[in-house]
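Undergrad: To be precise about what I am sending: the file is called upload27.cif and holds mmCIF, C-alpha atoms and all ligand atoms.
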```
data_query
#
loop_
_atom_site.group_PDB
_atom_site.id
_atom_site.type_symbol
_atom_site.label_atom_id
_atom_site.label_comp_id
_atom_site.auth_asym_id
_atom_site.auth_seq_id
_atom_site.Cartn_x
_atom_site.Cartn_y
_atom_site.Cartn_z
ATOM 1 C CA MET A 1 12.971 -8.635 -12.176
ATOM 2 C CA VAL A 2 11.121 -6.646 -9.674
ATOM 3 C CA GLN A 3 8.880 -4.101 -11.106
ATOM 4 C CA PHE A 4 7.147 -1.213 -9.558
ATOM 5 C CA GLU A 5 4.054 -0.057 -11.360
ATOM 6 C CA HIS A 6 3.657 3.618 -11.947
ATOM 7 C CA SER A 7 0.177 3.218 -13.342
ATOM 8 C CA GLU A 8 -1.298 3.057 -9.868
ATOM 9 C CA SER A 9 0.379 6.161 -8.550
ATOM 10 C CA GLU A 10 -1.811 8.981 -7.436
ATOM 11 C CA SER A 11 -1.546 11.459 -10.263
ATOM 12 C CA GLY A 12 2.159 11.890 -9.827
ATOM 13 C CA ALA A 13 1.907 13.290 -6.332
ATOM 14 C CA MET A 14 4.443 10.779 -5.082
ATOM 15 C CA THR A 15 8.136 11.266 -5.492
ATOM 16 C CA SER A 16 9.199 7.659 -5.548
ATOM 17 C CA LYS A 17 11.089 6.226 -8.453
ATOM 18 C CA THR A 18 10.834 2.925 -10.132
ATOM 19 C CA SER A 19 13.600 0.506 -9.522
ATOM 20 C CA SER A 20 14.478 -3.035 -10.290
ATOM 21 C CA VAL A 21 16.240 -5.567 -8.162
ATOM 22 C CA ASN A 22 18.942 -6.299 -10.681
ATOM 23 C CA GLY A 23 20.185 -2.786 -10.205
ATOM 24 C CA GLU A 24 19.121 -1.239 -13.431
ATOM 25 C CA ALA A 25 17.394 2.050 -12.992
ATOM 26 C CA ALA A 26 13.967 2.225 -14.506
ATOM 27 C CA LYS A 27 14.237 3.063 -18.124
ATOM 28 C CA ARG A 28 10.784 4.328 -18.632
ATOM 29 C CA LYS A 29 10.913 7.489 -20.610
ATOM 30 C CA ASP A 30 8.663 10.460 -20.322
ATOM 31 C CA GLY A 31 7.161 9.810 -23.695
ATOM 32 C CA GLU A 32 6.276 6.311 -22.681
ATOM 33 C CA LYS A 33 4.576 7.640 -19.585
ATOM 34 C CA ARG A 34 2.578 10.094 -21.595
ATOM 35 C CA SER A 35 1.390 7.469 -23.995
ATOM 36 C CA LYS A 36 0.401 5.329 -21.046
ATOM 37 C CA LYS A 37 -1.699 8.100 -19.615
ATOM 38 C CA LYS A 38 -3.317 8.604 -22.983
ATOM 39 C CA SER A 39 -4.143 4.958 -23.370
ATOM 40 C CA LYS A 40 -5.638 4.912 -19.914
ATOM 41 C CA LYS A 41 -7.919 7.760 -20.786
ATOM 42 C CA SER A 42 -9.084 6.114 -23.952
ATOM 43 C CA GLY A 43 -9.926 3.020 -21.942
ATOM 44 C CA LEU A 44 -7.536 0.660 -23.684
ATOM 45 C CA HIS A 45 -6.758 -2.644 -22.053
ATOM 46 C CA ARG A 46 -4.437 -1.653 -19.266
ATOM 47 C CA SER A 47 -2.553 -4.886 -18.907
ATOM 48 C CA SER A 48 -1.478 -4.704 -22.532
ATOM 49 C CA LYS A 49 0.693 -1.755 -21.562
ATOM 50 C CA ARG A 50 2.235 -3.583 -18.651
ATOM 51 C CA ARG A 51 5.894 -4.432 -18.912
ATOM 52 C CA HIS A 52 6.891 -7.992 -18.533
ATOM 53 C CA SER A 53 7.922 -9.045 -15.062
ATOM 54 C CA ILE A 54 8.400 -12.412 -13.415
ATOM 55 C CA SER A 55 5.904 -11.568 -10.769
ATOM 56 C CA LYS A 56 2.748 -10.078 -12.066
ATOM 57 C CA ALA A 57 0.684 -7.910 -9.825
ATOM 58 C CA ALA A 58 -2.630 -9.296 -8.706
ATOM 59 C CA ARG A 59 -4.616 -8.416 -11.740
ATOM 60 C CA ASP A 60 -6.766 -10.675 -13.766
ATOM 61 C CA PRO A 61 -8.553 -10.135 -17.099
ATOM 62 C CA ARG A 62 -11.790 -10.870 -15.247
ATOM 63 C CA ASP A 63 -11.222 -7.717 -13.243
ATOM 64 C CA GLU A 64 -10.887 -5.349 -16.162
ATOM 65 C CA PRO A 65 -13.723 -2.854 -16.276
ATOM 66 C CA GLU A 66 -16.099 -3.391 -19.213
ATOM 67 C CA SER A 67 -16.345 0.284 -19.880
ATOM 68 C CA PRO A 68 -13.709 2.902 -19.123
ATOM 69 C CA PRO A 69 -14.035 4.252 -15.603
ATOM 70 C CA PRO A 70 -15.699 7.646 -15.420
ATOM 71 C CA LYS A 71 -13.235 10.473 -15.411
ATOM 72 C CA LYS A 72 -12.811 12.208 -12.117
ATOM 73 C CA SER A 73 -13.742 15.803 -12.314
ATOM 74 C CA LYS A 74 -11.174 18.272 -11.067
ATOM 75 C CA LYS A 75 -13.562 19.325 -8.371
ATOM 76 C CA GLU A 76 -13.657 15.816 -6.930
ATOM 77 C CA GLU A 77 -9.901 15.598 -6.852
ATOM 78 C CA GLY A 78 -9.693 18.928 -5.099
ATOM 79 C CA ALA A 79 -12.008 17.709 -2.353
ATOM 80 C CA VAL A 80 -9.422 15.295 -1.009
ATOM 81 C CA THR A 81 -8.181 16.477 2.348
ATOM 82 C CA ARG A 82 -4.510 16.454 1.699
ATOM 83 C CA SER A 83 -1.674 18.786 2.487
ATOM 84 C CA PRO A 84 1.127 19.413 -0.022
ATOM 85 C CA SER A 85 3.007 16.637 1.725
ATOM 86 C CA PRO A 86 2.806 13.462 -0.319
ATOM 87 C CA VAL A 87 2.060 10.997 2.457
ATOM 88 C CA ILE A 88 1.401 12.572 5.806
ATOM 89 C CA ASP A 89 -1.255 15.163 6.325
ATOM 90 C CA PHE A 90 -0.965 18.305 8.432
ATOM 91 C CA ASP A 91 -2.506 16.591 11.457
ATOM 92 C CA GLY A 92 -0.410 13.447 11.207
ATOM 93 C CA LEU A 93 -2.962 11.347 9.370
ATOM 94 C CA SER A 94 -1.561 9.596 6.368
ATOM 95 C CA ARG A 95 -3.489 9.642 3.109
ATOM 96 C CA PRO A 96 -6.802 10.176 4.853
ATOM 97 C CA SER A 97 -9.789 9.111 2.818
ATOM 98 C CA THR A 98 -12.975 11.131 2.754
ATOM 99 C CA GLY A 99 -14.490 9.449 5.811
ATOM 100 C CA THR A 100 -11.362 9.286 7.928
ATOM 101 C CA ARG A 101 -11.894 12.444 9.921
ATOM 102 C CA ALA A 102 -15.618 11.818 10.268
ATOM 103 C CA ARG A 103 -14.798 8.413 11.717
ATOM 104 C CA ALA A 104 -12.169 9.877 14.023
ATOM 105 C CA GLU A 105 -14.490 12.565 15.361
ATOM 106 C CA GLU A 106 -17.774 10.678 15.585
ATOM 107 C CA THR A 107 -19.817 10.366 18.774
ATOM 108 C CA PRO A 108 -20.558 6.950 20.332
ATOM 109 C CA GLU A 109 -24.100 7.169 18.874
ATOM 110 C CA GLN A 110 -22.752 7.794 15.395
ATOM 111 C CA ALA A 111 -20.322 4.888 15.790
ATOM 112 C CA ALA A 112 -23.193 2.604 16.785
ATOM 113 C CA GLN A 113 -25.202 3.770 13.778
ATOM 114 C CA ARG A 114 -22.304 3.060 11.467
ATOM 115 C CA LEU A 115 -21.864 -0.415 12.877
ATOM 116 C CA GLU A 116 -25.567 -1.040 12.380
ATOM 117 C CA ARG A 117 -25.335 -0.004 8.734
ATOM 118 C CA MET A 118 -22.386 -2.310 8.259
ATOM 119 C CA ARG A 119 -24.280 -5.190 9.853
ATOM 120 C CA GLY A 120 -27.162 -4.612 7.471
ATOM 121 C CA ALA A 121 -24.815 -4.638 4.526
ATOM 122 C CA VAL A 122 -23.177 -7.899 5.576
ATOM 123 C CA ARG A 123 -26.600 -9.462 6.123
ATOM 124 C CA THR A 124 -27.490 -8.463 2.566
ATOM 125 C CA LEU A 125 -24.291 -10.078 1.307
ATOM 126 C CA LEU A 126 -25.142 -13.303 3.114
ATOM 127 C CA GLU A 127 -28.600 -13.310 1.565
ATOM 128 C CA CYS A 128 -27.176 -12.625 -1.874
ATOM 129 C CA VAL A 129 -24.798 -15.575 -1.768
ATOM 130 C CA GLY A 130 -27.772 -17.793 -0.941
ATOM 131 C CA GLU A 131 -27.268 -18.148 2.772
ATOM 132 C CA ASP A 132 -29.797 -17.918 5.529
ATOM 133 C CA PRO A 133 -28.569 -15.083 7.774
ATOM 134 C CA ASP A 134 -30.981 -16.269 10.477
ATOM 135 C CA ARG A 135 -29.481 -19.704 10.920
ATOM 136 C CA GLU A 136 -27.697 -20.141 14.183
ATOM 137 C CA GLY A 137 -24.119 -20.179 12.937
ATOM 138 C CA LEU A 138 -24.565 -16.905 11.107
ATOM 139 C CA LEU A 139 -26.553 -14.912 13.632
ATOM 140 C CA ASP A 140 -23.611 -12.889 14.889
ATOM 141 C CA THR A 141 -21.583 -12.978 11.699
ATOM 142 C CA PRO A 142 -22.665 -9.559 10.385
ATOM 143 C CA ALA A 143 -21.589 -7.854 13.614
ATOM 144 C CA ARG A 144 -18.391 -9.877 13.804
ATOM 145 C CA TYR A 145 -17.495 -9.165 10.210
ATOM 146 C CA ALA A 146 -18.208 -5.455 10.614
ATOM 147 C CA LYS A 147 -15.895 -5.259 13.612
ATOM 148 C CA ALA A 148 -13.213 -7.297 11.892
ATOM 149 C CA LEU A 149 -13.366 -5.044 8.857
ATOM 150 C CA LEU A 150 -12.971 -1.993 11.056
ATOM 151 C CA PHE A 151 -9.908 -3.610 12.563
ATOM 152 C CA PHE A 152 -8.470 -4.463 9.138
ATOM 153 C CA THR A 153 -8.838 -0.833 8.121
ATOM 154 C CA GLN A 154 -7.791 0.833 11.367
ATOM 155 C CA GLY A 155 -4.681 2.211 9.698
ATOM 156 C CA TYR A 156 -6.773 5.048 8.276
ATOM 157 C CA GLN A 157 -7.292 6.308 11.820
ATOM 158 C CA GLN A 158 -3.725 6.064 12.997
ATOM 159 C CA ASN A 159 -1.608 9.103 13.395
ATOM 160 C CA VAL A 160 2.011 9.052 12.294
ATOM 161 C CA ARG A 161 3.040 11.453 15.028
ATOM 162 C CA ASP A 162 1.551 9.226 17.730
ATOM 163 C CA ILE A 163 3.318 6.234 16.257
ATOM 164 C CA VAL A 164 6.712 7.884 16.003
ATOM 165 C CA ASN A 165 6.190 9.593 19.371
ATOM 166 C CA ASN A 166 9.487 11.474 19.217
ATOM 167 C CA ALA A 167 11.495 8.254 18.912
ATOM 168 C CA ILE A 168 14.025 9.901 16.633
ATOM 169 C CA PHE A 169 17.513 9.980 18.061
ATOM 170 C CA HIS A 170 20.506 12.000 16.945
ATOM 171 C CA GLU A 171 23.132 9.302 17.093
ATOM 172 C CA GLY A 172 25.528 10.406 14.395
ATOM 173 C CA HIS A 173 25.122 6.930 12.924
ATOM 174 C CA ASN A 174 25.396 6.877 9.160
ATOM 175 C CA GLU A 175 25.460 3.162 8.335
ATOM 176 C CA MET A 176 22.693 1.139 6.782
ATOM 177 C CA VAL A 177 19.912 -0.043 9.078
ATOM 178 C CA VAL A 178 17.787 -2.943 7.843
ATOM 179 C CA ILE A 179 14.711 -4.546 9.326
ATOM 180 C CA LYS A 180 13.937 -7.751 7.552
ATOM 181 C CA GLY A 181 10.827 -9.884 7.384
ATOM 182 C CA ILE A 182 8.199 -7.579 8.834
ATOM 183 C CA GLU A 183 4.916 -9.464 8.630
ATOM 184 C CA VAL A 184 2.306 -7.544 6.710
ATOM 185 C CA PHE A 185 -1.428 -8.156 6.519
ATOM 186 C CA SER A 186 -3.325 -5.959 4.141
ATOM 187 C CA MET A 187 -6.512 -5.909 2.088
ATOM 188 C CA CYS A 188 -6.583 -5.749 -1.675
ATOM 189 C CA GLU A 189 -8.730 -2.790 -2.615
ATOM 190 C CA HIS A 190 -9.957 -4.444 -5.790
ATOM 191 C CA HIS A 191 -11.461 -7.521 -4.142
ATOM 192 C CA MET A 192 -11.437 -6.714 -0.428
ATOM 193 C CA VAL A 193 -9.655 -9.938 0.374
ATOM 194 C CA PRO A 194 -6.332 -10.166 2.178
ATOM 195 C CA PHE A 195 -2.859 -10.132 0.820
ATOM 196 C CA THR A 196 -0.126 -11.084 3.216
ATOM 197 C CA GLY A 197 3.603 -11.246 3.130
ATOM 198 C CA GLN A 198 6.823 -9.760 4.320
ATOM 199 C CA MET A 199 8.263 -6.334 4.065
ATOM 200 C CA HIS A 200 11.941 -5.446 4.298
ATOM 201 C CA ILE A 201 12.884 -1.889 5.140
ATOM 202 C CA GLY A 202 16.329 -0.337 4.960
ATOM 203 C CA TYR A 203 17.566 3.191 5.392
ATOM 204 C CA ILE A 204 20.809 5.068 5.685
ATOM 205 C CA PRO A 205 20.542 7.692 8.411
ATOM 206 C CA SER A 206 21.573 11.236 8.042
ATOM 207 C CA HIS A 207 22.781 11.384 11.670
ATOM 208 C CA SER A 208 19.310 10.576 13.078
ATOM 209 C CA VAL A 209 17.929 7.100 13.645
ATOM 210 C CA ILE A 210 14.375 6.046 14.400
ATOM 211 C CA GLY A 211 13.365 3.624 17.161
ATOM 212 C CA LEU A 212 13.491 0.188 15.547
ATOM 213 C CA SER A 213 10.023 -0.826 16.645
ATOM 214 C CA LYS A 214 8.600 2.158 14.781
ATOM 215 C CA LEU A 215 9.305 0.799 11.313
ATOM 216 C CA PRO A 216 7.018 -2.242 11.656
ATOM 217 C CA ARG A 217 4.381 0.031 13.132
ATOM 218 C CA ILE A 218 4.591 2.338 10.131
ATOM 219 C CA ALA A 219 4.285 -0.687 7.848
ATOM 220 C CA ASP A 220 1.259 -1.776 9.858
ATOM 221 C CA MET A 221 -0.393 1.607 9.662
ATOM 222 C CA PHE A 222 -0.269 1.656 5.873
ATOM 223 C CA SER A 223 -1.223 -1.990 5.486
ATOM 224 C CA ARG A 224 -4.319 -1.795 7.698
ATOM 225 C CA ARG A 225 -6.433 -0.205 5.016
ATOM 226 C CA LEU A 226 -7.547 -0.980 1.492
ATOM 227 C CA GLN A 227 -4.383 -1.133 -0.549
ATOM 228 C CA ILE A 228 -2.607 -2.293 -3.591
ATOM 229 C CA GLN A 229 0.825 -3.676 -2.899
ATOM 230 C CA GLU A 230 2.576 -1.170 -5.150
ATOM 231 C CA ARG A 231 1.142 1.793 -3.277
ATOM 232 C CA LEU A 232 1.698 0.235 0.133
ATOM 233 C CA THR A 233 5.392 -0.222 -0.639
ATOM 234 C CA LYS A 234 5.700 3.327 -1.856
ATOM 235 C CA GLU A 235 3.781 4.891 1.013
ATOM 236 C CA VAL A 236 5.965 3.223 3.630
ATOM 237 C CA ALA A 237 9.107 4.419 1.860
ATOM 238 C CA ASN A 238 7.797 7.946 1.437
ATOM 239 C CA ALA A 239 6.617 8.186 5.023
ATOM 240 C CA ILE A 240 10.011 7.158 6.406
ATOM 241 C CA MET A 241 11.682 9.616 4.069
ATOM 242 C CA GLU A 242 9.386 12.334 5.311
ATOM 243 C CA ILE A 243 9.589 11.571 9.029
ATOM 244 C CA LEU A 244 13.314 10.874 9.291
ATOM 245 C CA GLN A 245 14.873 12.618 6.320
ATOM 246 C CA PRO A 246 17.580 9.999 5.953
ATOM 247 C CA GLN A 247 20.062 9.749 3.066
ATOM 248 C CA GLY A 248 17.832 7.135 1.521
ATOM 249 C CA VAL A 249 15.157 4.507 2.057
ATOM 250 C CA ALA A 250 14.532 1.151 0.422
ATOM 251 C CA VAL A 251 11.418 -0.937 0.861
ATOM 252 C CA VAL A 252 10.799 -4.331 -0.689
ATOM 253 C CA MET A 253 7.667 -6.345 -0.215
ATOM 254 C CA GLU A 254 6.951 -9.950 -1.157
ATOM 255 C CA SER A 255 3.399 -11.136 -0.759
ATOM 256 C CA SER A 256 0.729 -13.529 -1.765
ATOM 257 C CA HIS A 257 -2.672 -12.252 -2.844
ATOM 258 C CA LEU A 258 -5.702 -14.335 -1.948
ATOM 259 C CA CYS A 259 -7.584 -12.809 -4.854
ATOM 260 C CA MET A 260 -5.049 -14.537 -7.097
ATOM 261 C CA VAL A 261 -4.484 -17.816 -5.338
ATOM 262 C CA MET A 262 -8.095 -18.510 -4.345
ATOM 263 C CA ARG A 263 -9.411 -17.900 -7.817
ATOM 264 C CA GLY A 264 -6.733 -19.913 -9.502
ATOM 265 C CA VAL A 265 -5.339 -17.014 -11.478
ATOM 266 C CA GLU A 266 -1.823 -18.070 -10.613
ATOM 267 C CA LYS A 267 -0.325 -21.029 -8.897
ATOM 268 C CA SER A 268 -0.705 -20.731 -5.182
ATOM 269 C CA SER A 269 3.025 -20.324 -4.713
ATOM 270 C CA ALA A 270 3.127 -17.139 -6.768
ATOM 271 C CA THR A 271 4.437 -14.131 -4.932
ATOM 272 C CA THR A 272 4.283 -10.537 -5.989
ATOM 273 C CA ILE A 273 7.363 -8.456 -5.312
ATOM 274 C CA THR A 274 7.386 -4.695 -5.283
ATOM 275 C CA SER A 275 10.123 -2.280 -4.391
ATOM 276 C CA CYS A 276 10.583 1.402 -3.839
ATOM 277 C CA VAL A 277 14.003 2.986 -3.436
ATOM 278 C CA LEU A 278 14.574 6.622 -2.620
ATOM 279 C CA GLY A 279 17.562 8.900 -2.142
ATOM 280 C CA CYS A 280 20.966 7.201 -2.093
ATOM 281 C CA PHE A 281 19.392 3.783 -2.735
ATOM 282 C CA GLU A 282 18.060 5.128 -5.973
ATOM 283 C CA ARG A 283 21.300 6.836 -6.964
ATOM 284 C CA LYS A 284 23.843 4.209 -5.970
ATOM 285 C CA GLU A 285 23.671 0.718 -7.348
ATOM 286 C CA LYS A 286 26.191 -0.504 -4.777
ATOM 287 C CA THR A 287 24.028 0.666 -1.869
ATOM 288 C CA ARG A 288 20.941 -0.857 -3.431
ATOM 289 C CA ASN A 289 22.711 -4.170 -3.967
ATOM 290 C CA GLU A 290 23.999 -4.187 -0.408
ATOM 291 C CA PHE A 291 20.426 -3.816 0.824
ATOM 292 C CA LEU A 292 19.146 -6.509 -1.505
ATOM 293 C CA SER A 293 21.836 -8.955 -0.380
ATOM 294 C CA LEU A 294 21.072 -8.218 3.258
ATOM 295 C CA VAL A 295 17.410 -9.056 2.737
ATOM 296 C CA GLY A 296 18.299 -12.068 0.616
ATOM 297 C CA LEU A 297 16.946 -10.812 -2.674
ATOM 298 C CA ASN A 298 20.100 -10.222 -4.645
ATOM 299 C CA ARG A 299 20.239 -13.250 -6.869
ATOM 300 C CA HIS A 300 23.341 -12.345 -8.860
HETATM 301 ZN ZN ZN B 1 -7.316 -8.339 -5.564
#
```
As structure tokens - that is how I would like this structure written.

TA:
Amino acid sequence: MVQFEHSESESGAMTSKTSSVNGEAAKRKDGEKRSKKKSKKSGLHRSSKRRHSISKAARDPRDEPESPPPKKSKKEEGAVTRSPSPVIDFDGLSRPSTGTRARAEETPEQAAQRLERMRGAVRTLLECVGEDPDREGLLDTPARYAKALLFFTQGYQQNVRDIVNNAIFHEGHNEMVVIKGIEVFSMCEHHMVPFTGQMHIGYIPSHSVIGLSKLPRIADMFSRRLQIQERLTKEVANAIMEILQPQGVAVVMESSHLCMVMRGVEKSSATTITSCVLGCFERKEKTRNEFLSLVGLNRH
């Protein structure tokens, strides 16, 4: 059963609904949600509240915080630069983090300074793992790693409007459109190591269709940043819903997390599957099943 975790959602700002591949709507009740929130606050073991699923998300008991995380003050939450829109900000940035605009507006000198700070940090890491950052093979590694990391997180800087670039066409087409097997490379925000896999996106237009190449680019934009797979899946679905306003959107992602496979938490063949269905995909089991068969996930 595919399970979509609500526990990682951003304080209910998202509108996505939980769904499972076998067609059953999520049966989580409000009361259950409330008790979950409560238990989170009191710092109880989070995974004990997790529902059983065949594919566990990339969490490991070793990663559980020893003490409950400090509560965010309301002031901090209010400082996030976000419009009422759940995914895309007023200027086309999607879920900008605190440094996104600073990075977008910085001067070449500031960019050089930032790179220098990153190099210093990577050098420190090399020292701390017991390496000699001055040996020949590692001399340029801090700079290389810094640049690579900036590339892996470039999605923060990308603008949805530039990506879509008016490629929305009023075709009067109202049949399901599916793009299958979009390669996704993202970074787990808990360990800062990659998770990679495939994303399948389907939508049913409400007269308008989007240029097909745009969907992989939207997936790319949300994956090139620090993510958890659950949120990545949801953000892609919500963004398409917001940009295109179709009858519905379905996104399924299957991926392998290096933080699991490299540490031996699970067998290396383990994949994590997440899904997010909105609109008619959420309401109609038949539509959802059609999508799942098209992407090869309907195992009934
Ligand atoms: Zn991880």

Undergrad: Which chains and residue numbers are within 10 Å of ligand ZN 1 (chain B), counting all atoms listed in the file, if I want them as a PDB file with C-alpha atoms, in the frame of the given file?

TA:
```pdb
ATOM      1  CA  ALA A  57       0.684  -7.910  -9.825  1.00  0.00           C
ATOM      2  CA  ALA A  58      -2.630  -9.296  -8.706  1.00  0.00           C
ATOM      3  CA  ARG A  59      -4.616  -8.416 -11.740  1.00  0.00           C
ATOM      4  CA  ASP A  60      -6.766 -10.675 -13.766  1.00  0.00           C
ATOM      5  CA  ASP A  63     -11.222  -7.717 -13.243  1.00  0.00           C
ATOM      6  CA  MET A 187      -6.512  -5.909   2.088  1.00  0.00           C
ATOM      7  CA  CYS A 188      -6.583  -5.749  -1.675  1.00  0.00           C
ATOM      8  CA  GLU A 189      -8.730  -2.790  -2.615  1.00  0.00           C
ATOM      9  CA  HIS A 190      -9.957  -4.444  -5.790  1.00  0.00           C
ATOM     10  CA  HIS A 191     -11.461  -7.521  -4.142  1.00  0.00           C
ATOM     11  CA  MET A 192     -11.437  -6.714  -0.428  1.00  0.00           C
ATOM     12  CA  VAL A 193      -9.655  -9.938   0.374  1.00  0.00           C
ATOM     13  CA  PRO A 194      -6.332 -10.166   2.178  1.00  0.00           C
ATOM     14  CA  PHE A 195      -2.859 -10.132   0.820  1.00  0.00           C
ATOM     15  CA  GLN A 227      -4.383  -1.133  -0.549  1.00  0.00           C
ATOM     16  CA  ILE A 228      -2.607  -2.293  -3.591  1.00  0.00           C
ATOM     17  CA  GLN A 229       0.825  -3.676  -2.899  1.00  0.00           C
ATOM     18  CA  HIS A 257      -2.672 -12.252  -2.844  1.00  0.00           C
ATOM     19  CA  LEU A 258      -5.702 -14.335  -1.948  1.00  0.00           C
ATOM     20  CA  CYS A 259      -7.584 -12.809  -4.854  1.00  0.00           C
ATOM     21  CA  MET A 260      -5.049 -14.537  -7.097  1.00  0.00           C
ATOM     22  CA  VAL A 261      -4.484 -17.816  -5.338  1.00  0.00           C
TER      23      VAL A 261
END
```

Undergrad: Output the residue selection produced by the PyMOL selection byres (((chain A and resi 163-180) around 8) and not hetatm) on the file above, formatted as a PyMOL selection string.

TA: chain A and resi 158-162+181-182+199-212+214-215+217-218+244+291+294-295

Undergrad: Could you spell out the hits of the PyMOL selection byres (((chain A and resi 277) around 7) and not hetatm) on the shown file, as a PyMOL selection string?

TA: chain A and resi 17+19+249-251+275-276+278+281-282

Undergrad: Can you work out which one of A:Val252, A:Met118, A:Val184, A:Leu226 has the shortest atom-to-atom distance to Ile273 in chain A, counting all atoms listed in the file?

TA: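 Looking at the shortest contact to Ile273 in chain A, the residue is A:Val252.
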
Undergrad: Given all atoms listed in the file, how would the per-residue table for range 199-243 of chain A near range 95-104 of chain A read, listing every residue at most 12 Å away with its closest atom pair and distance in Å to one decimal, sorted by chain and number, as a tab-separated table?

TA:
```
residue	atom	partner	partner_atom	distance
A:Met221	CA	A:Arg95	CA	10.8
A:Phe222	CA	A:Arg95	CA	9.0
A:Arg225	CA	A:Ser97	CA	10.1
A:Leu226	CA	A:Ser97	CA	10.4
A:Gln227	CA	A:Arg95	CA	11.4
A:Arg231	CA	A:Arg95	CA	11.1
A:Leu232	CA	A:Arg95	CA	11.1
A:Glu235	CA	A:Arg95	CA	8.9
A:Val236	CA	A:Arg95	CA	11.4
A:Asn238	CA	A:Arg95	CA	11.5
A:Ala239	CA	A:Arg95	CA	10.4
```

Undergrad: As an exercise, work out the distance from CA of Thr271 in chain A to CA of Ser255 in chain A in Å and give it to one decimal place.

TA: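 These atoms are spaced 5.2 Å apart.
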
Undergrad: Distance CA of Glu290 in chain A-CA of Gln245 in chain A, one decimal place?

TA: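 A separation of 20.3 Å between them.
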
Undergrad: Which one of A:Glu105, A:Glu116, A:Asp134, A:Glu183 sits closest to Pro216 in chain A if you count all atoms listed in the file?

TA: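 Counting all atoms listed in the file, the residue closest to Pro216 in chain A is A:Glu183.
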
Undergrad: Which residues would end up in the selection if the PyMOL selection byres (((chain A and resi 146) around 8) and not hetatm) were applied here, given that I need the answer as an MDAnalysis selection string?

TA: chainID A and resid 115 118:119 122 142:145 147:150

Undergrad: Could the residues in this selection be written to a file with C-alpha atoms, as a PDB file, keeping the file's coordinate frame?

TA:
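Writing the result to again.pdb gives the following:
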```pdb
ATOM      1  CA  LEU A 115     -21.864  -0.415  12.877  1.00  0.00           C
ATOM      2  CA  MET A 118     -22.386  -2.310   8.259  1.00  0.00           C
ATOM      3  CA  ARG A 119     -24.280  -5.190   9.853  1.00  0.00           C
ATOM      4  CA  VAL A 122     -23.177  -7.899   5.576  1.00  0.00           C
ATOM      5  CA  PRO A 142     -22.665  -9.559  10.385  1.00  0.00           C
ATOM      6  CA  ALA A 143     -21.589  -7.854  13.614  1.00  0.00           C
ATOM      7  CA  ARG A 144     -18.391  -9.877  13.804  1.00  0.00           C
ATOM      8  CA  TYR A 145     -17.495  -9.165  10.210  1.00  0.00           C
ATOM      9  CA  LYS A 147     -15.895  -5.259  13.612  1.00  0.00           C
ATOM     10  CA  ALA A 148     -13.213  -7.297  11.892  1.00  0.00           C
ATOM     11  CA  LEU A 149     -13.366  -5.044   8.857  1.00  0.00           C
ATOM     12  CA  LEU A 150     -12.971  -1.993  11.056  1.00  0.00           C
TER      13      LEU A 150
END
```

Undergrad: Between CA of Phe185 in chain A and CA of Thr233 in chain A, what is the distance in Å, rounded to a tenth?

TA: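 Between CA of Phe185 in chain A and CA of Thr233 in chain A the gap is 12.7 Å.
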
Undergrad: Around all of range 275-284 of chain A's listed atoms, make the axis-aligned box with 6 Å on each side and tell me centre and edge lengths in Å to one decimal, as JSON.

TA:
```
{"center_x": 17.0, "center_y": 3.3, "center_z": -4.5, "size_x": 25.7, "size_y": 23.2, "size_z": 16.9}
```
